[in-house]
Amino acid sequence: MDTNNDTRYNMNTDTKKQVATLPYQPEFLNSITQVSIPPYILKVKRGAPLMLLRNINPRYGMCNGTRMLCRDLFKNMLNVEILTGSNARKRAFLPIIKLKTNASSRLPFVLSRKQFSVRLSFVITINKSQGHTISNF
């Protein structure tokens, strides 16, 4: 971790306890990337654009695909500003939650990670861009 506290590395904390009982190497488990689960190491800085991967609280605009801006970093929480939707410019706190793969992941096991449910969002995929107006430059 950087000494100036501008960067936060979030890694799965449960892996070290469970590796001894699994027939898979930790490197293999850490390399698995699914659409619904963030990468094993998530590097977040203040001001980084993020995209939410789960519906956390739809009433307050915290739905799958919501774009956010990281305003502050804490040990178990991110302070974010919502950038899209009717709740734009509002602040929210994102906790670390337990994420699991589902049956459609085609893995012979259920992968569980305890992380922030966000990805860096420098671009919008076609599915997430539906309904957005993109201006010509």
# chains A, B, ... in the order shown; residues from 1 in each chain; ligands from 1
>>> residues_around(residues="Leu50 in chain A", least_positions_apart="3", cutoff="8 Å", atoms="only C-alpha atoms", output="PyMOL selection string")
chain A and resi 67-70+118-122
>>> write_last_selection(atoms="N, CA and C atoms", output="short mmCIF file (atom, residue, chain, number, x, y, z; two decimals), in the first residue's frame")
data_model
loop_
_atom_site.label_atom_id
_atom_site.label_comp_id
_atom_site.auth_asym_id
_atom_site.auth_seq_id
_atom_site.Cartn_x
_atom_site.Cartn_y
_atom_site.Cartn_z
N ARG A 67 -22.69 4.19 -12.54
CA ARG A 67 -21.34 4.76 -12.55
C ARG A 67 -21.16 5.65 -11.34
N MET A 68 -19.98 5.54 -10.72
CA MET A 68 -19.68 6.28 -9.50
C MET A 68 -18.26 6.81 -9.56
N LEU A 69 -17.97 7.76 -8.70
CA LEU A 69 -16.65 8.33 -8.59
C LEU A 69 -16.17 8.14 -7.15
N CYS A 70 -15.00 7.55 -6.98
CA CYS A 70 -14.45 7.31 -5.65
C CYS A 70 -14.00 8.64 -5.04
N VAL A 118 -17.36 -3.49 -7.13
CA VAL A 118 -17.15 -2.49 -8.18
C VAL A 118 -16.01 -2.91 -9.09
N ARG A 119 -16.00 -2.33 -10.27
CA ARG A 119 -14.89 -2.43 -11.23
C ARG A 119 -14.52 -1.02 -11.64
N LEU A 120 -13.28 -0.84 -12.10
CA LEU A 120 -12.92 0.43 -12.70
C LEU A 120 -13.73 0.61 -13.96
N SER A 121 -14.18 1.81 -14.22
CA SER A 121 -15.11 2.05 -15.32
C SER A 121 -14.65 3.20 -16.19
N PHE A 122 -13.66 2.92 -17.03
CA PHE A 122 -13.18 3.95 -17.95
C PHE A 122 -13.96 3.93 -19.26
#
>>> residues_around(residues="Thr66 in chain A", least_positions_apart="2", cutoff="9 Å", atoms="only C-alpha atoms", output="PyMOL selection string")
chain A and resi 50-53+61-64+68+82-85+128
>>> atom_distance(atom1="CA of Lys98 in chain A", atom2="CA of Arg113 in chain A")
5.6 Å
>>> atom_distance(atom1="CA of Leu73 in chain A", atom2="CA of Arg46 in chain A")
7.1 Å
>>> atom_distance(atom1="CA of Ala88 in chain A", atom2="CA of Arg59 in chain A")
12.9 Å
>>> closest_residue(among="A:Pro95, A:Pro108, A:Pro26, A:Pro38", to="Ile56 in chain A", atoms="only C-alpha atoms")
A:Pro95
>>> select_by_dssp(residues="range 2-124 of chain A", states="alpha helix (DSSP H)", output="count of residues only")
10
>>> closest_residue(among="A:Ser31, A:Asn57, A:Ser104, A:Ser117", to="Ala92 in chain A", atoms="only C-alpha atoms")
A:Asn57
>>> residues_around(residues="Leu78 in chain A", least_positions_apart="3", cutoff="6 Å", atoms="only C-alpha atoms", output="ChimeraX atom specification")
/A:73-74,93-94
>>> decode(residues="range 107-119 of chain A", atoms="all heavy atoms", output="compact mmCIF listing (two decimals), in the first residue's frame")
# COMPACT_ATOMS: atom_id res chain seq x y z
N LEU A 107 -17.91 -23.11 -13.57
CA LEU A 107 -16.80 -23.57 -12.75
C LEU A 107 -17.25 -24.80 -11.98
O LEU A 107 -18.42 -24.90 -11.61
CB LEU A 107 -16.38 -22.48 -11.75
CG LEU A 107 -15.75 -21.22 -12.32
CD1 LEU A 107 -15.58 -20.17 -11.22
CD2 LEU A 107 -14.42 -21.53 -12.96
N PRO A 108 -16.36 -25.75 -11.71
CA PRO A 108 -16.77 -26.95 -10.97
C PRO A 108 -16.91 -26.72 -9.47
O PRO A 108 -17.09 -27.65 -8.71
CB PRO A 108 -15.63 -27.93 -11.26
CG PRO A 108 -14.45 -27.08 -11.55
CD PRO A 108 -14.99 -25.83 -12.19
N PHE A 109 -16.83 -25.47 -9.05
CA PHE A 109 -16.95 -25.11 -7.63
C PHE A 109 -17.56 -23.72 -7.54
O PHE A 109 -17.68 -23.01 -8.53
CB PHE A 109 -15.58 -25.14 -6.94
CG PHE A 109 -14.54 -24.31 -7.64
CD1 PHE A 109 -14.41 -22.96 -7.37
CD2 PHE A 109 -13.71 -24.88 -8.59
CE1 PHE A 109 -13.48 -22.19 -8.02
CE2 PHE A 109 -12.76 -24.12 -9.25
CZ PHE A 109 -12.65 -22.77 -8.97
N VAL A 110 -17.93 -23.33 -6.33
CA VAL A 110 -18.45 -21.99 -6.09
C VAL A 110 -17.29 -21.14 -5.57
O VAL A 110 -16.70 -21.46 -4.54
CB VAL A 110 -19.61 -22.00 -5.08
CG1 VAL A 110 -20.04 -20.59 -4.74
CG2 VAL A 110 -20.77 -22.81 -5.62
N LEU A 111 -16.98 -20.07 -6.29
CA LEU A 111 -15.91 -19.17 -5.88
C LEU A 111 -16.52 -18.05 -5.05
O LEU A 111 -17.48 -17.42 -5.45
CB LEU A 111 -15.21 -18.58 -7.11
CG LEU A 111 -14.08 -17.60 -6.84
CD1 LEU A 111 -12.91 -18.31 -6.17
CD2 LEU A 111 -13.63 -16.96 -8.13
N SER A 112 -15.96 -17.82 -3.88
CA SER A 112 -16.46 -16.79 -2.98
C SER A 112 -15.34 -15.81 -2.67
O SER A 112 -14.24 -16.22 -2.30
CB SER A 112 -16.96 -17.45 -1.70
OG SER A 112 -17.32 -16.50 -0.76
N ARG A 113 -15.63 -14.51 -2.83
CA ARG A 113 -14.66 -13.47 -2.51
C ARG A 113 -15.34 -12.40 -1.67
O ARG A 113 -16.50 -12.09 -1.87
CB ARG A 113 -14.11 -12.82 -3.78
CG ARG A 113 -13.19 -13.69 -4.56
CD ARG A 113 -12.60 -12.94 -5.72
NE ARG A 113 -11.70 -13.81 -6.46
CZ ARG A 113 -11.32 -13.59 -7.69
NH1 ARG A 113 -11.75 -12.53 -8.34
NH2 ARG A 113 -10.50 -14.41 -8.29
N LYS A 114 -14.58 -11.82 -0.76
CA LYS A 114 -15.07 -10.75 0.11
C LYS A 114 -14.42 -9.46 -0.36
O LYS A 114 -13.25 -9.20 -0.04
CB LYS A 114 -14.68 -11.07 1.55
CG LYS A 114 -15.60 -10.56 2.58
CD LYS A 114 -15.16 -11.10 3.92
CE LYS A 114 -16.14 -10.73 4.98
NZ LYS A 114 -15.72 -11.19 6.29
N GLN A 115 -15.15 -8.66 -1.17
CA GLN A 115 -14.58 -7.48 -1.78
C GLN A 115 -15.63 -6.41 -2.00
O GLN A 115 -16.81 -6.63 -1.79
CB GLN A 115 -13.98 -7.83 -3.15
CG GLN A 115 -12.74 -8.67 -3.09
CD GLN A 115 -12.17 -8.90 -4.47
OE1 GLN A 115 -12.83 -9.48 -5.31
NE2 GLN A 115 -10.97 -8.43 -4.69
N PHE A 116 -15.15 -5.24 -2.49
CA PHE A 116 -16.07 -4.21 -2.95
C PHE A 116 -16.69 -4.71 -4.25
O PHE A 116 -16.02 -5.30 -5.08
CB PHE A 116 -15.34 -2.89 -3.22
CG PHE A 116 -14.74 -2.28 -1.99
CD1 PHE A 116 -13.37 -2.18 -1.87
CD2 PHE A 116 -15.54 -1.79 -0.98
CE1 PHE A 116 -12.80 -1.61 -0.74
CE2 PHE A 116 -14.99 -1.22 0.14
CZ PHE A 116 -13.61 -1.13 0.27
N SER A 117 -17.95 -4.45 -4.45
CA SER A 117 -18.66 -4.91 -5.64
C SER A 117 -18.58 -3.87 -6.76
O SER A 117 -19.59 -3.40 -7.26
CB SER A 117 -20.12 -5.20 -5.29
OG SER A 117 -20.79 -5.69 -6.42
N VAL A 118 -17.36 -3.49 -7.13
CA VAL A 118 -17.15 -2.49 -8.18
C VAL A 118 -16.01 -2.91 -9.09
O VAL A 118 -15.18 -3.75 -8.73
CB VAL A 118 -16.83 -1.09 -7.60
CG1 VAL A 118 -17.99 -0.52 -6.82
CG2 VAL A 118 -15.58 -1.12 -6.74
N ARG A 119 -16.00 -2.33 -10.27
CA ARG A 119 -14.89 -2.43 -11.23
C ARG A 119 -14.52 -1.02 -11.64
O ARG A 119 -15.35 -0.12 -11.60
CB ARG A 119 -15.31 -3.18 -12.48
CG ARG A 119 -15.33 -4.66 -12.36
CD ARG A 119 -15.59 -5.25 -13.74
NE ARG A 119 -15.69 -6.67 -13.65
CZ ARG A 119 -14.69 -7.50 -13.91
NH1 ARG A 119 -13.55 -7.03 -14.34
NH2 ARG A 119 -14.84 -8.79 -13.79
